[in-house]
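Shown next: work_6.txt, containing compact mmCIF, N, CA and C atoms.
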```txt
# COMPACT_ATOMS: atom_id res chain seq x y z
N MET A 212 32.77 -1.23 -37.94
CA MET A 212 32.74 -0.67 -36.62
C MET A 212 31.35 -0.17 -36.26
N THR A 213 30.64 0.41 -37.21
CA THR A 213 29.30 0.91 -36.97
C THR A 213 28.34 -0.23 -36.65
N ASN A 214 28.49 -1.35 -37.32
CA ASN A 214 27.62 -2.50 -37.08
C ASN A 214 27.81 -3.03 -35.66
N LYS A 215 29.07 -3.07 -35.19
CA LYS A 215 29.36 -3.54 -33.84
C LYS A 215 28.76 -2.58 -32.80
N LEU A 216 28.85 -1.29 -33.06
CA LEU A 216 28.28 -0.28 -32.16
C LEU A 216 26.76 -0.41 -32.09
N SER A 217 26.14 -0.65 -33.24
CA SER A 217 24.68 -0.81 -33.29
C SER A 217 24.24 -2.02 -32.47
N LYS A 218 24.97 -3.13 -32.60
CA LYS A 218 24.63 -4.34 -31.84
C LYS A 218 24.78 -4.10 -30.34
N THR A 219 25.80 -3.36 -29.95
CA THR A 219 26.02 -3.06 -28.54
C THR A 219 24.89 -2.19 -27.99
N LEU A 220 24.50 -1.18 -28.75
CA LEU A 220 23.40 -0.31 -28.31
C LEU A 220 22.09 -1.07 -28.20
N VAL A 221 21.82 -1.97 -29.13
CA VAL A 221 20.60 -2.78 -29.08
C VAL A 221 20.63 -3.68 -27.85
N ALA A 222 21.78 -4.29 -27.56
CA ALA A 222 21.90 -5.17 -26.40
C ALA A 222 21.69 -4.40 -25.10
N ILE A 223 22.26 -3.22 -25.01
CA ILE A 223 22.08 -2.39 -23.80
C ILE A 223 20.63 -1.98 -23.65
N SER A 224 20.00 -1.57 -24.73
CA SER A 224 18.59 -1.15 -24.69
C SER A 224 17.70 -2.29 -24.24
N LEU A 225 17.92 -3.49 -24.77
CA LEU A 225 17.12 -4.64 -24.36
C LEU A 225 17.32 -4.95 -22.88
N GLY A 226 18.55 -4.85 -22.41
CA GLY A 226 18.82 -5.10 -21.00
C GLY A 226 18.08 -4.13 -20.10
N VAL A 227 18.07 -2.87 -20.47
CA VAL A 227 17.37 -1.84 -19.68
C VAL A 227 15.87 -2.11 -19.70
N LEU A 228 15.32 -2.43 -20.86
CA LEU A 228 13.88 -2.68 -20.96
C LEU A 228 13.46 -3.90 -20.16
N LEU A 229 14.27 -4.94 -20.17
CA LEU A 229 13.92 -6.16 -19.44
C LEU A 229 14.07 -5.97 -17.93
N ALA A 230 14.99 -5.16 -17.49
CA ALA A 230 15.20 -4.94 -16.07
C ALA A 230 14.18 -3.98 -15.47
N SER A 231 13.65 -3.07 -16.24
CA SER A 231 12.75 -2.05 -15.73
C SER A 231 11.51 -2.59 -15.04
N PRO A 232 10.76 -3.55 -15.60
CA PRO A 232 9.57 -4.05 -14.90
C PRO A 232 9.89 -4.65 -13.54
N ALA A 233 11.02 -5.34 -13.41
CA ALA A 233 11.39 -5.92 -12.12
C ALA A 233 11.63 -4.84 -11.07
N VAL A 234 12.29 -3.78 -11.46
CA VAL A 234 12.56 -2.68 -10.54
C VAL A 234 11.25 -2.00 -10.15
N LEU A 235 10.39 -1.73 -11.10
CA LEU A 235 9.11 -1.08 -10.81
C LEU A 235 8.23 -1.96 -9.93
N ALA A 236 8.20 -3.26 -10.18
CA ALA A 236 7.38 -4.16 -9.38
C ALA A 236 7.85 -4.17 -7.93
N LYS A 237 9.13 -4.15 -7.69
CA LYS A 237 9.67 -4.14 -6.34
C LYS A 237 9.27 -2.87 -5.60
N GLN A 238 9.37 -1.73 -6.26
CA GLN A 238 9.00 -0.47 -5.63
C GLN A 238 7.51 -0.44 -5.32
N ASP A 239 6.69 -0.98 -6.19
CA ASP A 239 5.25 -0.96 -6.01
C ASP A 239 4.83 -1.84 -4.83
N LYS A 240 5.56 -2.90 -4.56
CA LYS A 240 5.19 -3.86 -3.54
C LYS A 240 5.62 -3.43 -2.14
N ASP A 241 6.59 -2.55 -2.03
CA ASP A 241 7.21 -2.24 -0.75
C ASP A 241 6.24 -1.93 0.38
N HIS A 242 5.20 -1.13 0.16
CA HIS A 242 4.34 -0.69 1.26
C HIS A 242 2.97 -1.34 1.26
N LYS A 243 2.75 -2.33 0.44
CA LYS A 243 1.40 -2.87 0.35
C LYS A 243 1.17 -4.07 1.26
N ASP A 244 2.17 -4.87 1.51
CA ASP A 244 1.99 -6.08 2.30
C ASP A 244 2.50 -5.88 3.71
N LEU A 245 1.72 -6.36 4.66
CA LEU A 245 2.18 -6.34 6.04
C LEU A 245 3.14 -7.51 6.25
N PRO A 246 4.05 -7.38 7.20
CA PRO A 246 4.92 -8.51 7.51
C PRO A 246 4.08 -9.71 7.97
N PRO A 247 4.56 -10.93 7.78
CA PRO A 247 3.78 -12.12 8.13
C PRO A 247 3.28 -12.13 9.57
N GLY A 248 4.11 -11.72 10.52
CA GLY A 248 3.68 -11.71 11.92
C GLY A 248 2.52 -10.76 12.16
N LEU A 249 2.57 -9.60 11.53
CA LEU A 249 1.50 -8.62 11.67
C LEU A 249 0.22 -9.10 10.98
N GLN A 250 0.38 -9.78 9.84
CA GLN A 250 -0.78 -10.36 9.16
C GLN A 250 -1.48 -11.38 10.05
N LYS A 251 -0.70 -12.23 10.72
CA LYS A 251 -1.29 -13.25 11.61
C LYS A 251 -2.02 -12.61 12.77
N LYS A 252 -1.40 -11.59 13.38
CA LYS A 252 -2.07 -10.89 14.49
C LYS A 252 -3.38 -10.27 14.02
N ALA A 253 -3.37 -9.63 12.88
CA ALA A 253 -4.57 -8.99 12.36
C ALA A 253 -5.64 -10.03 12.08
N ALA A 254 -5.26 -11.14 11.49
CA ALA A 254 -6.23 -12.20 11.16
C ALA A 254 -6.84 -12.81 12.42
N ARG A 255 -6.05 -12.90 13.51
CA ARG A 255 -6.56 -13.47 14.76
C ARG A 255 -7.31 -12.45 15.60
N GLY A 256 -7.28 -11.19 15.20
CA GLY A 256 -7.96 -10.14 15.95
C GLY A 256 -7.19 -9.67 17.17
N GLU A 257 -5.91 -9.99 17.25
CA GLU A 257 -5.08 -9.56 18.38
C GLU A 257 -4.72 -8.09 18.22
N PRO A 258 -4.40 -7.42 19.33
CA PRO A 258 -4.00 -6.01 19.24
C PRO A 258 -2.74 -5.87 18.38
N LEU A 259 -2.71 -4.82 17.62
CA LEU A 259 -1.56 -4.55 16.77
C LEU A 259 -0.51 -3.78 17.56
N PRO A 260 0.77 -3.97 17.26
CA PRO A 260 1.82 -3.28 18.01
C PRO A 260 1.82 -1.78 17.71
N PRO A 261 2.37 -0.99 18.62
CA PRO A 261 2.46 0.46 18.38
C PRO A 261 3.24 0.73 17.08
N GLY A 262 2.77 1.70 16.34
CA GLY A 262 3.45 2.09 15.11
C GLY A 262 3.06 1.30 13.88
N TRP A 263 2.10 0.38 13.99
CA TRP A 263 1.71 -0.44 12.83
C TRP A 263 1.25 0.42 11.67
N GLN A 264 0.60 1.55 11.97
CA GLN A 264 0.04 2.40 10.92
C GLN A 264 1.12 3.08 10.08
N LYS A 265 2.34 3.13 10.58
CA LYS A 265 3.43 3.75 9.82
C LYS A 265 3.81 2.91 8.60
N ARG A 266 3.33 1.69 8.57
CA ARG A 266 3.57 0.80 7.44
C ARG A 266 2.79 1.26 6.20
N TYR A 267 1.73 2.04 6.42
CA TYR A 267 0.87 2.48 5.33
C TYR A 267 1.16 3.91 4.92
N HIS A 268 0.96 4.19 3.65
CA HIS A 268 1.16 5.52 3.10
C HIS A 268 0.01 5.84 2.15
N ARG A 269 -0.14 7.12 1.84
CA ARG A 269 -1.17 7.54 0.89
C ARG A 269 -0.95 6.80 -0.43
N GLY A 270 -2.05 6.24 -0.96
CA GLY A 270 -1.99 5.50 -2.22
C GLY A 270 -1.96 4.00 -2.02
N ASP A 271 -1.59 3.52 -0.83
CA ASP A 271 -1.59 2.08 -0.56
C ASP A 271 -3.02 1.57 -0.43
N ILE A 272 -3.17 0.27 -0.56
CA ILE A 272 -4.46 -0.38 -0.34
C ILE A 272 -4.45 -0.96 1.06
N LEU A 273 -5.44 -0.62 1.87
CA LEU A 273 -5.53 -1.11 3.24
C LEU A 273 -5.94 -2.58 3.22
N ASP A 274 -5.20 -3.42 3.94
CA ASP A 274 -5.50 -4.85 4.00
C ASP A 274 -6.90 -5.09 4.57
N ASN A 275 -7.55 -6.16 4.09
CA ASN A 275 -8.89 -6.50 4.56
C ASN A 275 -8.94 -6.73 6.06
N ASP A 276 -7.94 -7.46 6.60
CA ASP A 276 -7.93 -7.76 8.03
C ASP A 276 -7.85 -6.50 8.87
N ILE A 277 -7.08 -5.52 8.42
CA ILE A 277 -6.97 -4.26 9.15
C ILE A 277 -8.26 -3.46 8.99
N TYR A 278 -8.78 -3.42 7.77
CA TYR A 278 -10.03 -2.68 7.50
C TYR A 278 -11.18 -3.23 8.35
N ALA A 279 -11.23 -4.54 8.53
CA ALA A 279 -12.30 -5.18 9.31
C ALA A 279 -12.28 -4.74 10.77
N ARG A 280 -11.14 -4.29 11.28
CA ARG A 280 -11.05 -3.82 12.66
C ARG A 280 -11.62 -2.41 12.83
N GLY A 281 -11.80 -1.72 11.73
CA GLY A 281 -12.17 -0.31 11.78
C GLY A 281 -13.63 -0.05 12.07
N ARG A 282 -13.88 1.19 12.46
CA ARG A 282 -15.23 1.68 12.71
C ARG A 282 -15.39 2.94 11.86
N VAL A 283 -16.42 2.95 11.02
CA VAL A 283 -16.65 4.10 10.14
C VAL A 283 -17.08 5.28 11.00
N VAL A 284 -16.35 6.39 10.89
CA VAL A 284 -16.68 7.59 11.66
C VAL A 284 -17.25 8.69 10.77
N VAL A 285 -16.96 8.63 9.48
CA VAL A 285 -17.57 9.55 8.51
C VAL A 285 -18.12 8.67 7.39
N PRO A 286 -19.44 8.65 7.25
CA PRO A 286 -20.04 7.74 6.27
C PRO A 286 -19.68 8.10 4.82
N LEU A 287 -20.04 7.19 3.96
CA LEU A 287 -19.78 7.32 2.53
C LEU A 287 -20.35 8.62 2.00
N GLY A 288 -19.48 9.39 1.36
CA GLY A 288 -19.90 10.66 0.78
C GLY A 288 -20.13 10.52 -0.71
N ASN A 289 -20.55 11.61 -1.34
CA ASN A 289 -20.79 11.61 -2.79
C ASN A 289 -19.52 11.32 -3.58
N ASP A 290 -18.38 11.60 -2.98
CA ASP A 290 -17.10 11.37 -3.65
C ASP A 290 -16.60 9.93 -3.51
N GLY A 291 -17.36 9.07 -2.82
CA GLY A 291 -16.98 7.67 -2.65
C GLY A 291 -15.98 7.44 -1.54
N LEU A 292 -15.79 8.45 -0.67
CA LEU A 292 -14.80 8.33 0.40
C LEU A 292 -15.47 8.10 1.75
N ILE A 293 -14.80 7.33 2.60
CA ILE A 293 -15.23 7.13 3.98
C ILE A 293 -14.02 7.39 4.87
N THR A 294 -14.29 7.65 6.15
CA THR A 294 -13.21 7.76 7.14
C THR A 294 -13.44 6.68 8.17
N VAL A 295 -12.38 5.91 8.42
CA VAL A 295 -12.46 4.76 9.31
C VAL A 295 -11.46 4.96 10.45
N ASP A 296 -11.92 4.70 11.68
CA ASP A 296 -11.05 4.74 12.85
C ASP A 296 -10.57 3.31 13.12
N ILE A 297 -9.25 3.12 13.05
CA ILE A 297 -8.67 1.81 13.32
C ILE A 297 -7.65 1.99 14.44
N GLU A 298 -8.02 1.53 15.62
CA GLU A 298 -7.16 1.60 16.81
C GLU A 298 -6.56 2.99 17.01
N GLY A 299 -7.40 4.03 16.88
CA GLY A 299 -6.97 5.39 17.17
C GLY A 299 -6.38 6.15 16.00
N THR A 300 -6.27 5.54 14.85
CA THR A 300 -5.77 6.22 13.66
C THR A 300 -6.90 6.32 12.65
N LEU A 301 -7.10 7.52 12.11
CA LEU A 301 -8.16 7.73 11.12
C LEU A 301 -7.59 7.58 9.72
N PHE A 302 -8.26 6.76 8.92
CA PHE A 302 -7.89 6.55 7.53
C PHE A 302 -9.02 7.04 6.65
N LYS A 303 -8.72 7.96 5.74
CA LYS A 303 -9.70 8.36 4.73
C LYS A 303 -9.43 7.47 3.53
N LEU A 304 -10.45 6.70 3.12
CA LEU A 304 -10.30 5.67 2.09
C LEU A 304 -11.32 5.83 0.99
N HIS A 305 -10.98 5.31 -0.18
CA HIS A 305 -11.98 5.14 -1.23
C HIS A 305 -12.75 3.88 -0.84
N ASP A 306 -14.06 3.96 -0.76
CA ASP A 306 -14.88 2.88 -0.23
C ASP A 306 -14.72 1.56 -0.99
N LYS A 307 -14.73 1.59 -2.29
CA LYS A 307 -14.72 0.36 -3.07
C LYS A 307 -13.35 -0.31 -3.15
N THR A 308 -12.28 0.47 -3.20
CA THR A 308 -10.95 -0.10 -3.39
C THR A 308 -10.12 -0.17 -2.11
N ARG A 309 -10.52 0.54 -1.07
CA ARG A 309 -9.77 0.69 0.19
C ARG A 309 -8.44 1.39 -0.02
N ARG A 310 -8.30 2.14 -1.13
CA ARG A 310 -7.08 2.92 -1.39
C ARG A 310 -7.04 4.09 -0.40
N ILE A 311 -5.91 4.27 0.24
CA ILE A 311 -5.75 5.30 1.27
C ILE A 311 -5.58 6.67 0.60
N ILE A 312 -6.45 7.59 0.97
CA ILE A 312 -6.39 8.96 0.48
C ILE A 312 -5.60 9.82 1.45
N GLU A 313 -5.82 9.57 2.75
CA GLU A 313 -5.16 10.38 3.78
C GLU A 313 -5.14 9.60 5.08
N ILE A 314 -4.08 9.78 5.88
CA ILE A 314 -3.97 9.16 7.20
C ILE A 314 -3.93 10.29 8.22
N LEU A 315 -4.88 10.26 9.16
CA LEU A 315 -4.97 11.28 10.20
C LEU A 315 -4.84 10.59 11.56
N GLU A 316 -3.98 11.09 12.40
CA GLU A 316 -3.85 10.52 13.74
C GLU A 316 -4.50 11.45 14.73
N HIS A 317 -5.21 10.86 15.72
CA HIS A 317 -5.75 11.75 16.74
C HIS A 317 -5.04 11.58 18.04
```

Please, can you express the file's structure as structure tokens?
Amino acid sequence: MTNKLSKTLVAISLGVLLASPAVLAKQDKDHKDLPPGLQKKAARGEPLPPGWQKRYHRGDILDNDIYARGRVVVPLGNDGLITVDIEGTLFKLHDKTRRIIEILEH
């Protein structure tokens, strides 16, 4: 009976370990990619719809197409941060990675 219990526990443990990366990858991806339609608009330089900035959260990486629309309003500081105005929304970003530190709306 103990041997059967051990095999069951090993099987359950392996199942949990194999499923965990898939769950974590899904959560990590949720806020990083823009929907295809919004990506196309950004790439063509068309105006973005109201509320587009709500797609981003602190810690996300700002897409290149969106970043290219921005205007730097606070230059690069000693901490490696810049503030960029993108269609009326201010994003405080790490300059090299475009990781969002803070989102400020005016």

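Near (-5.4, 4.1, 4.6), the residues inside the 6 Å limit, counting only N, CA and C atoms, come to Leu273, Phe302, Lys303, Leu304, Arg310, Ile311, Ile312, Glu313 and Ile314 of chain A.
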
- Message: Between A:Gly281, A:Gly270, A:Arg309, A:Asp276, which residue has the minimum interatomic distance to A:Arg255, considering only N, CA and C atoms?
- Response: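 Between A:Gly281, A:Gly270, A:Arg309, A:Asp276, the residue approaching A:Arg255 most closely is A:Asp276.
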
- Item | Atom-to-atom span, atom C of A:Ile272 and atom CA of A:Val295, Å | 12.8 Å

- Query: Between atom CA of A:Ala279 and atom C of A:Gln264, what is the spacing in Å?
  - Reply: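 Separating atom C of A:Gln264 from atom CA of A:Ala279 is a distance of 15.8 Å.
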
- Message: Just the number, please: distance in Å from atom CA of A:Tyr278 to atom CA of A:Thr300, one decimal.
- Response: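 Between atom CA of A:Tyr278 and atom CA of A:Thr300 the gap is 11.6 Å.
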
Give me, as a PDB file with N, CA and C atoms, in the coordinates of the input, the residues of stretch 251-301 of chain A that a backbone DSSP run labels helix (DSSP H, G or I).
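Saved file result-v2.pdb follows:
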```pdb
ATOM      1  N   LYS A 251      -0.700 -12.230  10.720  1.00  0.00           N
ATOM      2  CA  LYS A 251      -1.290 -13.250  11.610  1.00  0.00           C
ATOM      3  C   LYS A 251      -2.020 -12.610  12.770  1.00  0.00           C
ATOM      4  N   LYS A 252      -1.400 -11.590  13.380  1.00  0.00           N
ATOM      5  CA  LYS A 252      -2.070 -10.890  14.490  1.00  0.00           C
ATOM      6  C   LYS A 252      -3.380 -10.270  14.020  1.00  0.00           C
ATOM      7  N   ALA A 253      -3.370  -9.630  12.880  1.00  0.00           N
ATOM      8  CA  ALA A 253      -4.570  -8.990  12.360  1.00  0.00           C
ATOM      9  C   ALA A 253      -5.640 -10.030  12.080  1.00  0.00           C
ATOM     10  N   ALA A 254      -5.260 -11.140  11.490  1.00  0.00           N
ATOM     11  CA  ALA A 254      -6.230 -12.200  11.160  1.00  0.00           C
ATOM     12  C   ALA A 254      -6.840 -12.810  12.420  1.00  0.00           C
ATOM     13  N   ARG A 255      -6.050 -12.900  13.510  1.00  0.00           N
ATOM     14  CA  ARG A 255      -6.560 -13.470  14.760  1.00  0.00           C
ATOM     15  C   ARG A 255      -7.310 -12.450  15.600  1.00  0.00           C
ATOM     16  N   TRP A 263       2.100   0.380  13.990  1.00  0.00           N
ATOM     17  CA  TRP A 263       1.710  -0.440  12.830  1.00  0.00           C
ATOM     18  C   TRP A 263       1.250   0.420  11.670  1.00  0.00           C
ATOM     19  N   GLN A 264       0.600   1.550  11.970  1.00  0.00           N
ATOM     20  CA  GLN A 264       0.040   2.400  10.920  1.00  0.00           C
ATOM     21  C   GLN A 264       1.120   3.080  10.080  1.00  0.00           C
ATOM     22  N   LYS A 265       2.340   3.130  10.580  1.00  0.00           N
ATOM     23  CA  LYS A 265       3.430   3.750   9.820  1.00  0.00           C
ATOM     24  C   LYS A 265       3.810   2.910   8.600  1.00  0.00           C
ATOM     25  N   ARG A 266       3.330   1.690   8.570  1.00  0.00           N
ATOM     26  CA  ARG A 266       3.570   0.800   7.440  1.00  0.00           C
ATOM     27  C   ARG A 266       2.790   1.260   6.200  1.00  0.00           C
ATOM     28  N   ASN A 275      -7.550  -6.160   4.090  1.00  0.00           N
ATOM     29  CA  ASN A 275      -8.890  -6.500   4.560  1.00  0.00           C
ATOM     30  C   ASN A 275      -8.940  -6.730   6.060  1.00  0.00           C
ATOM     31  N   ASP A 276      -7.940  -7.460   6.600  1.00  0.00           N
ATOM     32  CA  ASP A 276      -7.930  -7.760   8.030  1.00  0.00           C
ATOM     33  C   ASP A 276      -7.850  -6.500   8.870  1.00  0.00           C
ATOM     34  N   ILE A 277      -7.080  -5.520   8.420  1.00  0.00           N
ATOM     35  CA  ILE A 277      -6.970  -4.260   9.150  1.00  0.00           C
ATOM     36  C   ILE A 277      -8.260  -3.460   8.990  1.00  0.00           C
ATOM     37  N   TYR A 278      -8.780  -3.420   7.770  1.00  0.00           N
ATOM     38  CA  TYR A 278     -10.030  -2.680   7.500  1.00  0.00           C
ATOM     39  C   TYR A 278     -11.180  -3.230   8.350  1.00  0.00           C
ATOM     40  N   ALA A 279     -11.230  -4.540   8.530  1.00  0.00           N
ATOM     41  CA  ALA A 279     -12.300  -5.180   9.310  1.00  0.00           C
ATOM     42  C   ALA A 279     -12.280  -4.740  10.770  1.00  0.00           C
ATOM     43  N   ARG A 280     -11.140  -4.290  11.280  1.00  0.00           N
ATOM     44  CA  ARG A 280     -11.050  -3.820  12.660  1.00  0.00           C
ATOM     45  C   ARG A 280     -11.620  -2.410  12.830  1.00  0.00           C
TER      46      ARG A 280
END
```

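Distances to A:Ile293 were evaluated for A:Arg280, A:Arg269, A:Lys251, A:Lys307 using all atoms listed in the file, and the minimum falls at A:Lys307.
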
Could you complete stretch 265-284 of chain A so that it carries N, CA, C and O atoms, and give it back as a PDB file, in the frame of the given file?
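The new file out_1.pdb reads:
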```
ATOM      1  N   LYS A 265       2.340   3.130  10.580  1.00  0.00           N
ATOM      2  CA  LYS A 265       3.430   3.750   9.820  1.00  0.00           C
ATOM      3  C   LYS A 265       3.810   2.910   8.600  1.00  0.00           C
ATOM      4  O   LYS A 265       4.497   3.374   7.720  1.00  0.00           O
ATOM      5  N   ARG A 266       3.330   1.690   8.570  1.00  0.00           N
ATOM      6  CA  ARG A 266       3.570   0.800   7.440  1.00  0.00           C
ATOM      7  C   ARG A 266       2.790   1.260   6.200  1.00  0.00           C
ATOM      8  O   ARG A 266       3.127   0.910   5.082  1.00  0.00           O
ATOM      9  N   TYR A 267       1.730   2.040   6.420  1.00  0.00           N
ATOM     10  CA  TYR A 267       0.870   2.480   5.330  1.00  0.00           C
ATOM     11  C   TYR A 267       1.160   3.910   4.920  1.00  0.00           C
ATOM     12  O   TYR A 267       1.544   4.720   5.746  1.00  0.00           O
ATOM     13  N   HIS A 268       0.960   4.190   3.650  1.00  0.00           N
ATOM     14  CA  HIS A 268       1.160   5.520   3.100  1.00  0.00           C
ATOM     15  C   HIS A 268       0.010   5.840   2.150  1.00  0.00           C
ATOM     16  O   HIS A 268      -0.690   4.940   1.690  1.00  0.00           O
ATOM     17  N   ARG A 269      -0.140   7.120   1.840  1.00  0.00           N
ATOM     18  CA  ARG A 269      -1.170   7.540   0.890  1.00  0.00           C
ATOM     19  C   ARG A 269      -0.950   6.800  -0.430  1.00  0.00           C
ATOM     20  O   ARG A 269       0.158   6.686  -0.914  1.00  0.00           O
ATOM     21  N   GLY A 270      -2.050   6.240  -0.960  1.00  0.00           N
ATOM     22  CA  GLY A 270      -1.990   5.500  -2.220  1.00  0.00           C
ATOM     23  C   GLY A 270      -1.960   4.000  -2.020  1.00  0.00           C
ATOM     24  O   GLY A 270      -2.261   3.250  -2.959  1.00  0.00           O
ATOM     25  N   ASP A 271      -1.590   3.520  -0.830  1.00  0.00           N
ATOM     26  CA  ASP A 271      -1.590   2.080  -0.560  1.00  0.00           C
ATOM     27  C   ASP A 271      -3.020   1.570  -0.430  1.00  0.00           C
ATOM     28  O   ASP A 271      -3.952   2.334  -0.178  1.00  0.00           O
ATOM     29  N   ILE A 272      -3.170   0.270  -0.560  1.00  0.00           N
ATOM     30  CA  ILE A 272      -4.460  -0.380  -0.340  1.00  0.00           C
ATOM     31  C   ILE A 272      -4.450  -0.960   1.060  1.00  0.00           C
ATOM     32  O   ILE A 272      -3.555  -1.738   1.416  1.00  0.00           O
ATOM     33  N   LEU A 273      -5.440  -0.620   1.870  1.00  0.00           N
ATOM     34  CA  LEU A 273      -5.530  -1.110   3.240  1.00  0.00           C
ATOM     35  C   LEU A 273      -5.940  -2.580   3.220  1.00  0.00           C
ATOM     36  O   LEU A 273      -6.902  -2.954   2.558  1.00  0.00           O
ATOM     37  N   ASP A 274      -5.200  -3.420   3.940  1.00  0.00           N
ATOM     38  CA  ASP A 274      -5.500  -4.850   4.000  1.00  0.00           C
ATOM     39  C   ASP A 274      -6.900  -5.090   4.570  1.00  0.00           C
ATOM     40  O   ASP A 274      -7.364  -4.361   5.458  1.00  0.00           O
ATOM     41  N   ASN A 275      -7.550  -6.160   4.090  1.00  0.00           N
ATOM     42  CA  ASN A 275      -8.890  -6.500   4.560  1.00  0.00           C
ATOM     43  C   ASN A 275      -8.940  -6.730   6.060  1.00  0.00           C
ATOM     44  O   ASN A 275      -9.884  -6.308   6.731  1.00  0.00           O
ATOM     45  N   ASP A 276      -7.940  -7.460   6.600  1.00  0.00           N
ATOM     46  CA  ASP A 276      -7.930  -7.760   8.030  1.00  0.00           C
ATOM     47  C   ASP A 276      -7.850  -6.500   8.870  1.00  0.00           C
ATOM     48  O   ASP A 276      -8.468  -6.414   9.932  1.00  0.00           O
ATOM     49  N   ILE A 277      -7.080  -5.520   8.420  1.00  0.00           N
ATOM     50  CA  ILE A 277      -6.970  -4.260   9.150  1.00  0.00           C
ATOM     51  C   ILE A 277      -8.260  -3.460   8.990  1.00  0.00           C
ATOM     52  O   ILE A 277      -8.792  -2.908   9.948  1.00  0.00           O
ATOM     53  N   TYR A 278      -8.780  -3.420   7.770  1.00  0.00           N
ATOM     54  CA  TYR A 278     -10.030  -2.680   7.500  1.00  0.00           C
ATOM     55  C   TYR A 278     -11.180  -3.230   8.350  1.00  0.00           C
ATOM     56  O   TYR A 278     -11.990  -2.473   8.878  1.00  0.00           O
ATOM     57  N   ALA A 279     -11.230  -4.540   8.530  1.00  0.00           N
ATOM     58  CA  ALA A 279     -12.300  -5.180   9.310  1.00  0.00           C
ATOM     59  C   ALA A 279     -12.280  -4.740  10.770  1.00  0.00           C
ATOM     60  O   ALA A 279     -13.311  -4.785  11.449  1.00  0.00           O
ATOM     61  N   ARG A 280     -11.140  -4.290  11.280  1.00  0.00           N
ATOM     62  CA  ARG A 280     -11.050  -3.820  12.660  1.00  0.00           C
ATOM     63  C   ARG A 280     -11.620  -2.410  12.830  1.00  0.00           C
ATOM     64  O   ARG A 280     -11.819  -1.957  13.948  1.00  0.00           O
ATOM     65  N   GLY A 281     -11.800  -1.720  11.730  1.00  0.00           N
ATOM     66  CA  GLY A 281     -12.170  -0.310  11.780  1.00  0.00           C
ATOM     67  C   GLY A 281     -13.630  -0.050  12.070  1.00  0.00           C
ATOM     68  O   GLY A 281     -14.491  -0.926  11.954  1.00  0.00           O
ATOM     69  N   ARG A 282     -13.880   1.190  12.460  1.00  0.00           N
ATOM     70  CA  ARG A 282     -15.230   1.680  12.710  1.00  0.00           C
ATOM     71  C   ARG A 282     -15.390   2.940  11.860  1.00  0.00           C
ATOM     72  O   ARG A 282     -14.582   3.869  11.949  1.00  0.00           O
ATOM     73  N   VAL A 283     -16.420   2.950  11.020  1.00  0.00           N
ATOM     74  CA  VAL A 283     -16.650   4.100  10.140  1.00  0.00           C
ATOM     75  C   VAL A 283     -17.080   5.280  11.000  1.00  0.00           C
ATOM     76  O   VAL A 283     -18.048   5.193  11.748  1.00  0.00           O
ATOM     77  N   VAL A 284     -16.350   6.390  10.890  1.00  0.00           N
ATOM     78  CA  VAL A 284     -16.680   7.590  11.660  1.00  0.00           C
ATOM     79  C   VAL A 284     -17.250   8.690  10.770  1.00  0.00           C
ATOM     80  O   VAL A 284     -17.940   9.577  11.258  1.00  0.00           O
TER      81      VAL A 284
END
```
